[in-house]
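Asks: Next comes the structure file upload_7.pdb, holding PDB, C-alpha atoms.
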ATOM      1  CA  LEU J   1      95.443 207.716  32.880
ATOM      2  CA  LYS J   2      92.685 210.314  32.597
ATOM      3  CA  LEU J   3      89.220 208.858  32.882
ATOM      4  CA  PHE J   4      86.307 210.692  31.277
ATOM      5  CA  GLU J   5      88.173 213.992  30.838
ATOM      6  CA  THR J   6      90.837 215.483  28.606
ATOM      7  CA  ASN J   7      92.863 217.153  31.371
ATOM      8  CA  LEU J   8      92.556 220.349  29.337
ATOM      9  CA  THR J   9      89.311 222.044  30.294
ATOM     10  CA  GLY J  10      87.820 220.010  33.094
ATOM     11  CA  GLU J  11      84.922 219.026  30.842
ATOM     12  CA  PHE J  12      83.655 215.475  31.332
ATOM     13  CA  PHE J  13      82.884 213.031  28.543
ATOM     14  CA  ILE J  14      83.090 209.298  27.980
ATOM     15  CA  MET J  15      86.623 208.874  26.634
ATOM     16  CA  LYS J  16      89.897 207.656  28.121
ATOM     17  CA  VAL J  17      93.037 209.684  27.450
ATOM     18  CA  GLU J  18      96.533 208.577  28.463
ATOM     19  CA  ILE J  19      99.539 210.889  28.006
ATOM     20  CA  LYS J  20     102.850 209.147  27.357
ATOM     21  CA  TYR J  21     105.280 212.082  27.774
ATOM     22  CA  PRO J  22     103.516 214.556  30.084
ATOM     23  CA  ASN J  23     106.596 216.781  30.574
ATOM     24  CA  GLN J  24     106.502 217.534  26.836
ATOM     25  CA  GLU J  25     102.684 217.479  26.587
ATOM     26  CA  PHE J  26     103.273 214.996  23.811
ATOM     27  CA  PHE J  27     101.640 211.788  22.556
ATOM     28  CA  ALA J  28      98.131 210.876  23.701
ATOM     29  CA  THR J  29      96.390 207.515  23.499
ATOM     30  CA  VAL J  30      92.588 207.578  23.310
ATOM     31  CA  SER J  31      90.185 204.680  23.767
ATOM     32  CA  GLU J  32      86.459 204.029  24.140
ATOM     33  CA  ILE J  33      85.344 206.145  21.202
ATOM     34  CA  ASP J  34      84.195 205.228  17.695
ATOM     35  CA  ILE J  35      85.175 207.756  15.040
ATOM     36  CA  LYS J  36      82.449 206.451  12.704
ATOM     37  CA  CYS J  37      79.684 207.810  14.925
ATOM     38  CA  ILE J  38      81.361 210.383  17.160
ATOM     39  CA  SER J  39      79.030 213.185  18.251
ATOM     40  CA  ASP J  40      79.786 216.805  17.439
ATOM     41  CA  ASP J  41      80.438 217.611  21.091
ATOM     42  CA  ASP J  42      82.812 214.681  21.587
ATOM     43  CA  PHE J  43      84.595 215.487  18.341
ATOM     44  CA  LEU J  44      85.349 218.993  19.604
ATOM     45  CA  LYS J  45      86.794 217.517  22.785
ATOM     46  CA  LEU J  46      88.849 215.010  20.818
ATOM     47  CA  GLU J  47      90.092 217.857  18.602
ATOM     48  CA  LYS J  48      91.391 219.634  21.721
ATOM     49  CA  VAL J  49      93.455 216.569  22.582
ATOM     50  CA  ILE J  50      94.818 216.336  19.040
ATOM     51  CA  ASN J  51      95.735 220.035  18.965
ATOM     52  CA  SER J  52      97.355 219.876  22.391
ATOM     53  CA  TYR J  53      99.499 216.740  22.283
ATOM     54  CA  GLY J  54     100.869 216.506  18.745
ATOM     55  CA  VAL J  55     100.243 212.768  18.286
ATOM     56  CA  THR J  56      97.024 210.938  19.157
ATOM     57  CA  VAL J  57      96.552 207.173  18.895
ATOM     58  CA  ILE J  58      92.907 206.098  18.685
ATOM     59  CA  LYS J  59      92.523 202.432  19.477
ATOM     60  CA  ASP J  60      90.131 199.781  18.134
ATOM     61  CA  GLN J  61      88.708 201.474  15.049
ATOM     62  CA  LYS J  62      87.172 199.385  12.276
ATOM     63  CA  VAL J  63      87.031 201.807   9.369
ATOM     64  CA  ASN J  64      87.000 201.720   5.587
ATOM     65  CA  ASP J  65      88.015 204.555   3.267
ATOM     66  CA  GLU J  66      84.575 206.172   3.341
ATOM     67  CA  HIS J  67      84.559 206.204   7.154
ATOM     68  CA  GLN J  68      88.065 207.621   7.291
ATOM     69  CA  ILE J  69      87.341 210.354   4.762
ATOM     70  CA  GLU J  70      84.129 211.448   6.498
ATOM     71  CA  PHE J  71      85.856 211.587   9.874
ATOM     72  CA  SER J  72      88.880 213.412   8.440
ATOM     73  CA  LYS J  73      86.724 216.063   6.768
ATOM     74  CA  LYS J  74      85.594 217.199  10.207
ATOM     75  CA  PHE J  75      89.059 218.778  10.605
ATOM     76  CA  GLY J  76      88.915 220.683   7.308
ATOM     77  CA  GLU J  77      89.525 220.317   3.591
ATOM     78  CA  LEU J  78      91.439 217.196   2.588
ATOM     79  CA  GLU J  79      94.460 217.092   0.340
ATOM     80  CA  ILE J  80      94.561 215.051  -2.859
ATOM     81  CA  SER J  81      97.348 212.484  -3.051
ATOM     82  CA  ILE J  82     100.308 213.654  -5.134
ATOM     83  CA  GLY J  83     100.144 210.370  -7.037
ATOM     84  CA  THR J  84     102.677 207.665  -7.701
ATOM     85  CA  ASN J  85     101.867 204.462  -9.528
ATOM     86  CA  THR J  86      98.436 203.428  -8.165
ATOM     87  CA  LYS J  87      97.708 206.806  -6.576
ATOM     88  CA  LYS J  88      96.007 208.840  -9.276
ATOM     89  CA  GLU J  89      93.045 211.182  -9.032
ATOM     90  CA  ASN J  90      91.058 209.184 -11.606
ATOM     91  CA  ASN J  91      92.075 205.775 -10.265
ATOM     92  CA  PRO J  92      88.902 203.666  -9.891
ATOM     93  CA  TYR J  93      90.507 201.521  -7.187
ATOM     94  CA  ILE J  94      91.077 204.215  -4.573
ATOM     95  CA  LYS J  95      89.647 207.597  -3.710
ATOM     96  CA  PRO J  96      91.846 210.618  -4.452
ATOM     97  CA  GLN J  97      91.787 211.719  -0.784
ATOM     98  CA  ILE J  98      93.545 208.475   0.222
ATOM     99  CA  SER J  99      97.319 208.078   0.190
ATOM    100  CA  ARG J 100      97.989 204.354   0.137
ATOM    101  CA  ILE J 101     101.320 203.531   1.771
ATOM    102  CA  SER J 102     101.677 199.888   0.959
ATOM    103  CA  ASN J 103     103.667 197.183  -0.788
ATOM    104  CA  VAL J 104     100.446 195.463  -1.881
ATOM    105  CA  ASP J 105      98.892 196.153  -5.287
ATOM    106  CA  ILE J 106      95.354 197.413  -4.714
ATOM    107  CA  ARG J 107      94.223 195.942  -8.036
ATOM    108  CA  THR J 108      95.506 192.380  -7.575
ATOM    109  CA  ASN J 109      96.062 192.151  -3.796
ATOM    110  CA  GLU J 110      99.504 190.752  -4.581
ATOM    111  CA  MET J 111     102.754 192.008  -3.058
ATOM    112  CA  ILE J 112     104.668 194.539  -5.145
ATOM    113  CA  PRO J 113     108.347 193.695  -5.853
ATOM    114  CA  PRO J 114     110.770 195.540  -3.552
ATOM    115  CA  ASN J 115     112.484 197.185  -6.542
ATOM    116  CA  ASP J 116     109.212 198.661  -7.855
ATOM    117  CA  HIS J 117     109.039 202.464  -8.088
ATOM    118  CA  LYS J 118     106.085 202.586  -5.680
ATOM    119  CA  VAL J 119     107.936 200.651  -2.959
ATOM    120  CA  ILE J 120     111.103 202.710  -3.413
ATOM    121  CA  PHE J 121     109.104 205.936  -3.211
ATOM    122  CA  ASP J 122     107.372 204.865   0.017
ATOM    123  CA  ARG J 123     110.757 203.844   1.448
ATOM    124  CA  GLY J 124     111.584 207.547   1.551
ATOM    125  CA  ASN J 125     109.078 207.831   4.421
ATOM    126  CA  ASN J 126     111.672 206.127   6.643
ATOM    127  CA  VAL J 127     113.562 209.438   6.960
ATOM    128  CA  TRP J 128     112.412 212.088   9.465
ATOM    129  CA  HIS J 129     109.983 214.483   7.785
ATOM    130  CA  THR J 130     106.735 216.411   8.079
ATOM    131  CA  ASP J 131     103.974 215.551   5.616
ATOM    132  CA  SER J 132     103.286 217.878   2.690
ATOM    133  CA  SER J 133     105.807 220.536   3.646
ATOM    134  CA  PHE J 134     106.699 220.376  -0.058
ATOM    135  CA  LYS J 135     103.292 221.861  -0.924
ATOM    136  CA  PRO J 136     102.669 225.638  -1.061
ATOM    137  CA  ILE J 137     100.049 225.271   1.690
ATOM    138  CA  PRO J 138     101.445 222.630   4.067
ATOM    139  CA  ALA J 139      99.303 220.074   5.849
ATOM    140  CA  LYS J 140      97.832 220.358   9.309
ATOM    141  CA  PHE J 141      96.909 216.818  10.350
ATOM    142  CA  SER J 142      97.819 213.412   8.969
ATOM    143  CA  ILE J 143      95.364 210.618   9.776
ATOM    144  CA  LEU J 144      96.775 207.138   9.216
ATOM    145  CA  SER J 145      94.844 203.907   9.662
ATOM    146  CA  ALA J 146      96.382 200.455   9.903
ATOM    147  CA  ARG J 147      94.633 198.068   7.519
ATOM    148  CA  GLU J 148      97.240 195.296   7.461
ATOM    149  CA  ILE J 149     100.481 195.251   9.443
ATOM    150  CA  PRO J 150     103.640 193.116   9.105
ATOM    151  CA  GLU J 151     104.648 190.604  11.744
ATOM    152  CA  GLU J 152     107.952 192.411  12.238
ATOM    153  CA  GLY J 153     108.842 196.077  11.772
ATOM    154  CA  GLY J 154     106.649 198.581  10.009
ATOM    155  CA  GLY J 155     106.277 200.896  12.998
ATOM    156  CA  THR J 156     106.251 204.692  13.113
ATOM    157  CA  GLU J 157     108.386 206.990  15.246
ATOM    158  CA  PHE J 158     107.497 210.541  16.271
ATOM    159  CA  ILE J 159     109.531 213.431  17.655
ATOM    160  CA  ASP J 160     108.398 216.716  19.174
ATOM    161  CA  ALA J 161     109.805 219.725  17.288
ATOM    162  CA  CYS J 162     108.080 222.055  19.751
ATOM    163  CA  TYR J 163     110.058 220.697  22.695
ATOM    164  CA  ALA J 164     113.207 220.925  20.575
ATOM    165  CA  LEU J 165     112.683 224.633  19.973
ATOM    166  CA  GLU J 166     111.926 225.308  23.623
ATOM    167  CA  THR J 167     115.214 223.636  24.654
ATOM    168  CA  TRP J 168     117.348 225.015  21.802
ATOM    169  CA  LYS J 169     119.050 227.568  24.040
ATOM    170  CA  ASN J 170     120.242 224.825  26.422
ATOM    171  CA  ASN J 171     123.336 224.367  24.260
ATOM    172  CA  ASN J 172     125.862 226.832  22.917
ATOM    173  CA  ARG J 173     124.459 227.866  19.529
ATOM    174  CA  LYS J 174     125.841 230.017  16.753
ATOM    175  CA  TYR J 175     122.317 231.270  15.994
ATOM    176  CA  SER J 176     119.715 232.172  18.608
ATOM    177  CA  LEU J 177     115.988 231.804  18.122
ATOM    178  CA  GLU J 178     115.815 235.565  17.711
ATOM    179  CA  ASP J 179     118.321 235.292  14.849
ATOM    180  CA  ILE J 180     116.289 232.698  12.940
ATOM    181  CA  LYS J 181     112.669 233.268  13.904
ATOM    182  CA  GLU J 182     111.872 235.082  10.627
ATOM    183  CA  ALA J 183     113.915 232.754   8.394
ATOM    184  CA  ILE J 184     112.160 231.433   5.278
ATOM    185  CA  THR J 185     113.262 228.103   3.825
ATOM    186  CA  GLU J 186     112.460 226.165   0.676
ATOM    187  CA  HIS J 187     111.178 222.588   0.738
ATOM    188  CA  SER J 188     111.035 219.980  -2.027
ATOM    189  CA  ILE J 189     110.117 216.306  -2.139
ATOM    190  CA  VAL J 190     112.393 215.924  -5.153
ATOM    191  CA  TYR J 191     115.276 217.292  -3.065
ATOM    192  CA  SER J 192     114.561 214.974  -0.137
ATOM    193  CA  ARG J 193     114.028 211.842  -2.204
ATOM    194  CA  MET J 194     117.209 212.535  -4.179
ATOM    195  CA  GLN J 195     119.026 212.335  -0.840
ATOM    196  CA  ASN J 196     117.433 209.124   0.459
ATOM    197  CA  THR J 197     116.031 207.083  -2.452
ATOM    198  CA  GLY J 198     117.914 208.446  -5.466
ATOM    199  CA  ASP J 199     116.713 210.021  -8.704
ATOM    200  CA  ILE J 200     113.403 208.184  -9.120
ATOM    201  CA  PHE J 201     111.310 210.930 -10.744
ATOM    202  CA  ASN J 202     110.670 211.808 -14.369
ATOM    203  CA  ASP J 203     111.015 215.342 -15.714
ATOM    204  CA  LYS J 204     107.275 216.029 -15.508
ATOM    205  CA  PHE J 205     107.126 215.201 -11.784
ATOM    206  CA  LYS J 206     110.121 217.439 -11.122
ATOM    207  CA  THR J 207     108.464 220.284 -13.019
ATOM    208  CA  ASP J 208     105.134 219.758 -11.258
ATOM    209  CA  MET J 209     106.750 219.726  -7.767
ATOM    210  CA  PRO J 210     108.980 222.831  -7.536
ATOM    211  CA  PHE J 211     110.553 224.216  -4.365
ATOM    212  CA  VAL J 212     108.069 225.986  -2.061
ATOM    213  CA  LYS J 213     108.601 228.540   0.699
ATOM    214  CA  GLN J 214     108.057 227.631   4.365
ATOM    215  CA  ARG J 215     108.887 229.215   7.698
ATOM    216  CA  LEU J 216     111.721 227.650   9.690
ATOM    217  CA  VAL J 217     109.791 228.391  12.891
ATOM    218  CA  ARG J 218     106.007 228.170  13.199
ATOM    219  CA  THR J 219     103.705 229.149  16.057
ATOM    220  CA  HIS J 220     100.787 226.810  16.678
ATOM    221  CA  PRO J 221      97.450 228.654  16.464
ATOM    222  CA  TYR J 222      95.877 226.644  19.304
ATOM    223  CA  THR J 223      98.659 226.155  21.873
ATOM    224  CA  LYS J 224     100.566 229.356  20.927
ATOM    225  CA  ARG J 225     103.773 227.324  21.328
ATOM    226  CA  SER J 226     106.358 227.485  18.552
ATOM    227  CA  ALA J 227     108.197 224.628  16.844
ATOM    228  CA  PHE J 228     110.961 224.079  14.336
ATOM    229  CA  TYR J 229     109.577 223.293  10.893
ATOM    230  CA  ALA J 230     112.284 221.445   8.983
ATOM    231  CA  GLY J 231     112.753 217.712   8.344
ATOM    232  CA  SER J 232     114.127 215.996   5.256
ATOM    233  CA  HIS J 233     112.152 218.052   2.721
ATOM    234  CA  CYS J 234     113.782 221.275   3.981
ATOM    235  CA  SER J 235     116.575 222.218   1.572
ATOM    236  CA  HIS J 236     117.981 225.703   2.263
ATOM    237  CA  ILE J 237     117.298 229.117   3.758
ATOM    238  CA  ILE J 238     116.385 231.881   1.337
ATOM    239  CA  GLY J 239     118.933 234.703   1.331
ATOM    240  CA  TRP J 240     121.577 232.705   3.205
ATOM    241  CA  ASP J 241     124.737 231.115   1.875
ATOM    242  CA  LYS J 242     123.503 227.668   0.851
ATOM    243  CA  ASP J 243     126.095 225.713   2.852
ATOM    244  CA  GLU J 244     125.601 227.889   5.941
ATOM    245  CA  GLY J 245     121.844 227.482   5.738
ATOM    246  CA  ARG J 246     122.031 223.725   5.260
ATOM    247  CA  ASN J 247     124.430 223.414   8.173
ATOM    248  CA  LEU J 248     121.875 225.155  10.381
ATOM    249  CA  ILE J 249     119.018 223.000   9.049
ATOM    250  CA  ASN J 250     121.075 219.871   9.773
ATOM    251  CA  GLU J 251     121.868 221.164  13.268
ATOM    252  CA  ILE J 252     118.168 221.788  13.909
ATOM    253  CA  ASN J 253     117.110 218.388  12.554
ATOM    254  CA  ASP J 254     119.758 216.674  14.702
ATOM    255  CA  TRP J 255     118.576 218.549  17.793
ATOM    256  CA  VAL J 256     114.929 217.748  17.140
ATOM    257  CA  ILE J 257     115.639 214.008  17.287
ATOM    258  CA  ASN J 258     117.974 214.271  20.282
ATOM    259  CA  SER J 259     116.304 216.864  22.516
ATOM    260  CA  GLY J 260     113.311 214.869  23.727
ATOM    261  CA  GLU J 261     112.152 211.290  23.796
ATOM    262  CA  ILE J 262     111.359 209.496  20.556
ATOM    263  CA  ALA J 263     107.885 207.971  20.636
ATOM    264  CA  SER J 264     108.130 204.573  18.943
ATOM    265  CA  HIS J 265     104.714 203.299  17.960
ATOM    266  CA  LYS J 266     104.161 199.618  17.214
ATOM    267  CA  TRP J 267     100.941 199.383  15.249
ATOM    268  CA  ASN J 268      97.950 197.188  15.979
ATOM    269  CA  SER J 269      95.396 196.444  13.282
ATOM    270  CA  GLY J 270      92.520 198.875  13.370
ATOM    271  CA  GLU J 271      94.385 201.720  15.016
ATOM    272  CA  VAL J 272      94.087 205.266  13.734
ATOM    273  CA  VAL J 273      96.917 207.673  14.511
ATOM    274  CA  ILE J 274      96.596 211.430  14.029
ATOM    275  CA  TRP J 275      99.590 213.735  14.147
ATOM    276  CA  ASP J 276     100.008 217.476  13.851
ATOM    277  CA  ASN J 277     102.537 218.305  11.142
ATOM    278  CA  ARG J 278     102.927 221.814  12.533
ATOM    279  CA  ARG J 279     104.887 220.502  15.531
ATOM    280  CA  VAL J 280     105.768 216.840  14.911
ATOM    281  CA  GLN J 281     108.228 215.035  12.684
ATOM    282  CA  HIS J 282     107.857 211.331  12.006
ATOM    283  CA  ARG J 283     109.373 208.415  10.100
ATOM    284  CA  GLY J 284     108.629 204.792   9.314
ATOM    285  CA  THR J 285     110.903 202.191  10.863
ATOM    286  CA  GLY J 286     111.035 199.920   7.810
ATOM    287  CA  PHE J 287     110.241 196.231   7.402
ATOM    288  CA  ASP J 288     111.131 193.291   5.137
ATOM    289  CA  GLU J 289     109.225 194.306   1.994
ATOM    290  CA  SER J 290     109.982 191.000   0.283
ATOM    291  CA  LYS J 291     108.487 188.943   3.134
ATOM    292  CA  TYR J 292     105.636 190.897   4.733
ATOM    293  CA  ARG J 293     102.576 192.815   3.575
ATOM    294  CA  ARG J 294     101.779 196.277   4.907
ATOM    295  CA  ILE J 295      98.706 198.359   4.039
ATOM    296  CA  MET J 296      98.261 201.825   5.558
ATOM    297  CA  HIS J 297      95.755 204.419   4.330
ATOM    298  CA  ARG J 298      96.336 208.084   5.076
ATOM    299  CA  THR J 299      94.085 211.102   4.777
ATOM    300  CA  THR J 300      95.742 214.511   5.091
ATOM    301  CA  VAL J 301      94.038 217.682   6.284
ATOM    302  CA  ALA J 302      95.184 220.715   4.304
ATOM    303  CA  GLY J 303      96.480 223.826   5.992
ATOM    304  CA  ASP J 304      94.798 227.213   5.885
ATOM    305  CA  LYS J 305      97.494 229.306   4.162
ATOM    306  CA  PRO J 306     101.209 229.312   3.285
ATOM    307  CA  SER J 307     103.336 229.090   6.409
ATOM    308  CA  TYR J 308     105.410 232.138   5.439
ATOM    309  CA  GLU J 309     102.253 234.252   5.896
ATOM    310  CA  GLU J 310     101.908 233.127   9.532
ATOM    311  CA  HIS J 311     102.917 235.202  12.551
ATOM    312  CA  VAL J 312     105.710 233.796  14.724
ATOM    313  CA  ASN J 313     105.680 234.274  18.487
ATOM    314  CA  ILE J 314     108.799 233.326  20.440
TER     315      ILE J 314
END
For the structure just supplied, provide its representation as structure tokens.

Replies:
Amino acid sequence: LKLFETNLTGEFFIMKVEIKYPNQEFFATVSEIDIKCISDDDFLKLEKVINSYGVTVIKDQKVNDEHQIEFSKKFGELEISIGTNTKKENNPYIKPQISRISNVDIRTNEMIPPNDHKVIFDRGNNVWHTDSSFKPIPAKFSILSAREIPEEGGGTEFIDACYALETWKNNNRKYSLEDIKEAITEHSIVYSRMQNTGDIFNDKFKTDMPFVKQRLVRTHPYTKRSAFYAGSHCSHIIGWDKDEGRNLINEINDWVINSGEIASHKWNSGEVVIWDNRRVQHRGTGFDESKYRRIMHRTTVAGDKPSYEEHVNI
């Protein structure tokens, strides 16, 4: 437990930071701050923690959508939700910067049937992925707040794709990091959902969400450490035989979830969790959607440019 300092710069400030997996520099828990009224200086220190550890849990936050959006905008421009069912840019019930991951209808406050398109779509989040890698400019940070949590299940797991890359050479591999460091892949949410929830999209959605190019390896601009950038949205490697490329992607995804410890987070109401999509994969753990309510609101900080334009340092 680090009292009054981040363990990064030696600077002192009133905040408690606990690191769960120090050997990976992964997963921080922060307490004794209020994101609604955080000072500029303390925000910069919090941002260092978030950039350094991949996942940051901020305890005891009582926020509404306006609070969450204002706090999230401190990290950069926010994405607009891609929209399914209740998530539409002109929806009067929810702001377009909010992705509502829930089985509760925002209009009626009643539970949505488990076979509803919205619930099926959100069920796809239970497969390891990185948010918005299916967009031309992928996301930096996801900021998720727990508004209502189920009595059982409904947690979130995180894995460290940076640690996975750094330990890749520990096993006999067909392809070295040098072989794949410049590889460009294509990602698609239609591809990933077809694998794990079935064909749930209409033709317009498929047209509006084409494959996009992403690097297979990305170097973090703050830590200068590199990470695999794959997950369920990652379909194939451009210029490779499709089966060969998918075999490598599957091998990487398997190693990511087996190389280091999986951080299993059981939510408490009022928590805010921030993760860095440039180095972390995550998934929901599922819950009984016919029995329990779950309301989670996410804001997503957009990236700066397409990942294939980034420089890789291995």

Asks: Within 12 Å of segment 23-36 of chain J, which residues of segment 116-215 of chain J show up? Give each one with its shortest atom-to-atom distance in Å (one decimal) and the two atoms involved, counting all atoms listed in the file, rows by chain then rising residue number, as JSON lines.

Replies:
{"residue": "J:Ile143", "atom": "CA", "partner": "J:Ile35", "partner_atom": "CA", "distance": 11.8}
{"residue": "J:Ser145", "atom": "CA", "partner": "J:Ile35", "partner_atom": "CA", "distance": 11.7}
{"residue": "J:Glu157", "atom": "CA", "partner": "J:Phe27", "partner_atom": "CA", "distance": 11.0}
{"residue": "J:Phe158", "atom": "CA", "partner": "J:Phe27", "partner_atom": "CA", "distance": 8.7}
{"residue": "J:Ile159", "atom": "CA", "partner": "J:Phe26", "partner_atom": "CA", "distance": 8.9}
{"residue": "J:Asp160", "atom": "CA", "partner": "J:Phe26", "partner_atom": "CA", "distance": 7.1}
{"residue": "J:Ala161", "atom": "CA", "partner": "J:Gln24", "partner_atom": "CA", "distance": 10.3}
{"residue": "J:Cys162", "atom": "CA", "partner": "J:Gln24", "partner_atom": "CA", "distance": 8.6}
{"residue": "J:Tyr163", "atom": "CA", "partner": "J:Gln24", "partner_atom": "CA", "distance": 6.3}
{"residue": "J:Ala164", "atom": "CA", "partner": "J:Gln24", "partner_atom": "CA", "distance": 9.8}
{"residue": "J:Leu165", "atom": "CA", "partner": "J:Gln24", "partner_atom": "CA", "distance": 11.6}
{"residue": "J:Glu166", "atom": "CA", "partner": "J:Gln24", "partner_atom": "CA", "distance": 10.0}
{"residue": "J:Thr167", "atom": "CA", "partner": "J:Gln24", "partner_atom": "CA", "distance": 10.9}

Asks: Take the residues just selected and output them with C-alpha atoms as an mmCIF file, keeping the file's coordinate frame.

Replies:
data_model
loop_
_atom_site.group_PDB
_atom_site.id
_atom_site.type_symbol
_atom_site.label_atom_id
_atom_site.label_comp_id
_atom_site.auth_asym_id
_atom_site.auth_seq_id
_atom_site.Cartn_x
_atom_site.Cartn_y
_atom_site.Cartn_z
ATOM 1 C CA ILE J 143 95.364 210.618 9.776
ATOM 2 C CA SER J 145 94.844 203.907 9.662
ATOM 3 C CA GLU J 157 108.386 206.990 15.246
ATOM 4 C CA PHE J 158 107.497 210.541 16.271
ATOM 5 C CA ILE J 159 109.531 213.431 17.655
ATOM 6 C CA ASP J 160 108.398 216.716 19.174
ATOM 7 C CA ALA J 161 109.805 219.725 17.288
ATOM 8 C CA CYS J 162 108.080 222.055 19.751
ATOM 9 C CA TYR J 163 110.058 220.697 22.695
ATOM 10 C CA ALA J 164 113.207 220.925 20.575
ATOM 11 C CA LEU J 165 112.683 224.633 19.973
ATOM 12 C CA GLU J 166 111.926 225.308 23.623
ATOM 13 C CA THR J 167 115.214 223.636 24.654
#

Asks: Of the candidates J:Ser39, J:Asn91, J:Ser142, J:Ser232, which one gets nearest to Gln68 of chain J if we count all atoms listed in the file?

Replies: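 For Gln68 of chain J, the nearest of the given residues is J:Ser142.
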
Asks: Evaluated on this file, the PyMOL selection byres ((chain J and resi 267) around 9) picks out some residues - which ones are they, written as a list in words?

Replies: Ala146, Ile149, Gly154, Gly155, Thr156, His265, Lys266, Asn268, Ser269, Gly270 and Glu271 of chain J

Asks: Using only C-alpha atoms for the distances, tell me which of J:His282, J:Asp276, J:Val63, J:Ser102 is nearest to Tyr222 of chain J.

Replies: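 Closest residue, counting only C-alpha atoms: J:Asp276.
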
Asks: Near Thr223 of chain J, counting all atoms listed in the file, which residues have an atom at most 12 Å away, once you skip same-chain residues fewer than 3 positions from it, shown as a short mmCIF file (atom, residue, chain, number, x, y, z; two decimals) with C-alpha atoms, in the coordinates of the input?

Replies:
data_model
loop_
_atom_site.label_atom_id
_atom_site.label_comp_id
_atom_site.auth_asym_id
_atom_site.auth_seq_id
_atom_site.Cartn_x
_atom_site.Cartn_y
_atom_site.Cartn_z
CA LEU J 8 92.56 220.35 29.34
CA GLU J 25 102.68 217.48 26.59
CA LYS J 48 91.39 219.63 21.72
CA VAL J 49 93.46 216.57 22.58
CA ILE J 50 94.82 216.34 19.04
CA ASN J 51 95.74 220.04 18.96
CA SER J 52 97.36 219.88 22.39
CA TYR J 53 99.50 216.74 22.28
CA GLY J 54 100.87 216.51 18.74
CA CYS J 162 108.08 222.06 19.75
CA ARG J 218 106.01 228.17 13.20
CA THR J 219 103.70 229.15 16.06
CA HIS J 220 100.79 226.81 16.68
CA SER J 226 106.36 227.48 18.55
CA ALA J 227 108.20 224.63 16.84
CA ASP J 276 100.01 217.48 13.85
CA ARG J 278 102.93 221.81 12.53
CA ARG J 279 104.89 220.50 15.53
CA ASN J 313 105.68 234.27 18.49
#

Asks: Specify as a JSON list (two decimals) with C-alpha atoms, keeping the file's coordinate frame each residue included when the PyMOL selection byres ((chain J and resi 216) around 6) is applied to this file.

Replies:
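Output (expr08.json):
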[["chain", "number", "residue", "atom", "x", "y", "z"],
["J", 183, "ALA", "CA", 113.92, 232.75, 8.39],
["J", 184, "ILE", "CA", 112.16, 231.43, 5.28],
["J", 215, "ARG", "CA", 108.89, 229.22, 7.70],
["J", 217, "VAL", "CA", 109.79, 228.39, 12.89],
["J", 228, "PHE", "CA", 110.96, 224.08, 14.34],
["J", 229, "TYR", "CA", 109.58, 223.29, 10.89]]

Asks: Starting from the shown file, work through the PyMOL selection byres ((chain J and resi 111) around 9) and note down what comes out as a PyMOL selection string.

Replies: chain J and resi 102-105+108-110+112-114+289-293

Asks: Pick from J:Ser192, J:Thr56, J:Asn64, J:Arg173: nearest to Glu18 of chain J, with all atoms listed in the file counted?

Replies: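 Smallest distance to Glu18 of chain J is found for J:Thr56.
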
Asks: Nearest to Val256 of chain J: which of J:Ile314, J:Leu46, J:Val280, J:Ile94 is it, counting only C-alpha atoms?

Replies: J:Val280

Asks: Hey, can you check how far atom CA of Ile295 of chain J sits from atom CA of Ala263 of chain J?

Replies: 21.3 Å

Asks: Set the distance at 12 Å and use all atoms listed in the file: which residues neighbour Thr207 of chain J once local chain neighbours fewer than 5 positions away are removed? I'd like the list as a list in words.

Replies: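 My reading of the contact set: Ser188, Ile189, Val190, Phe201 and Asn202 of chain J.
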
Asks: Can you list, as an mmCIF file with C-alpha atoms, keeping the file's coordinate frame, every protein, DNA or RNA residue that comes within 7 Å of Phe211 of chain J when you count all atoms listed in the file, leaving out same-chain residues fewer than 4 positions away?

Replies:
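Result saved to part_2.cif:
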data_model
loop_
_atom_site.group_PDB
_atom_site.id
_atom_site.type_symbol
_atom_site.label_atom_id
_atom_site.label_comp_id
_atom_site.auth_asym_id
_atom_site.auth_seq_id
_atom_site.Cartn_x
_atom_site.Cartn_y
_atom_site.Cartn_z
ATOM 1 C CA PHE J 134 106.699 220.376 -0.058
ATOM 2 C CA GLU J 186 112.460 226.165 0.676
ATOM 3 C CA HIS J 187 111.178 222.588 0.738
ATOM 4 C CA SER J 188 111.035 219.980 -2.027
#

Asks: Counting all atoms listed in the file, which of J:Arg123, J:Lys204, J:His311, J:Lys305 gets nearest to Ile137 of chain J?

Replies: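 Of J:Arg123, J:Lys204, J:His311, J:Lys305, the one nearest Ile137 of chain J, counting all atoms listed in the file, is J:Lys305.
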
Asks: Using only C-alpha atoms, which of the listed residues (J:Leu144, J:Leu248, J:Met15, J:Val272) sits closest to Asp179 of chain J?

Replies: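 Closest residue, counting only C-alpha atoms: J:Leu248.
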
Asks: How many Å lie between atom CA of Cys234 of chain J and atom CA of Thr285 of chain J, rounded to one decimal?

Replies: 20.5 Å

Asks: Atom CA of Lys45 of chain J to atom CA of Ile58 of chain J: how many Å, to one decimal?

Replies: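 Atom-to-atom, atom CA of Lys45 of chain J and atom CA of Ile58 of chain J are spaced 13.6 Å apart.
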
Asks: Determine, counting all atoms listed in the file, which protein, DNA and RNA residues have an atom within 12 Å of an atom of Ile106 of chain J; residues of the same chain fewer than 6 positions away are not included. Present the result as a PyMOL selection string.

Replies: chain J and resi 85-87+91-95+99-100+112+118+293-297

Asks: Produce the centre coordinates and the three edge lengths, each in Å to one decimal, of the box along x, y and z that contains all listed atoms of segment 109-121 of chain J with 4 Å added on each side, as AutoDock Vina command-line options.

Replies:
--center_x 104.3 --center_y 198.3 --center_z -5.5 --size_x 24.4 --size_y 23.2 --size_z 13.1
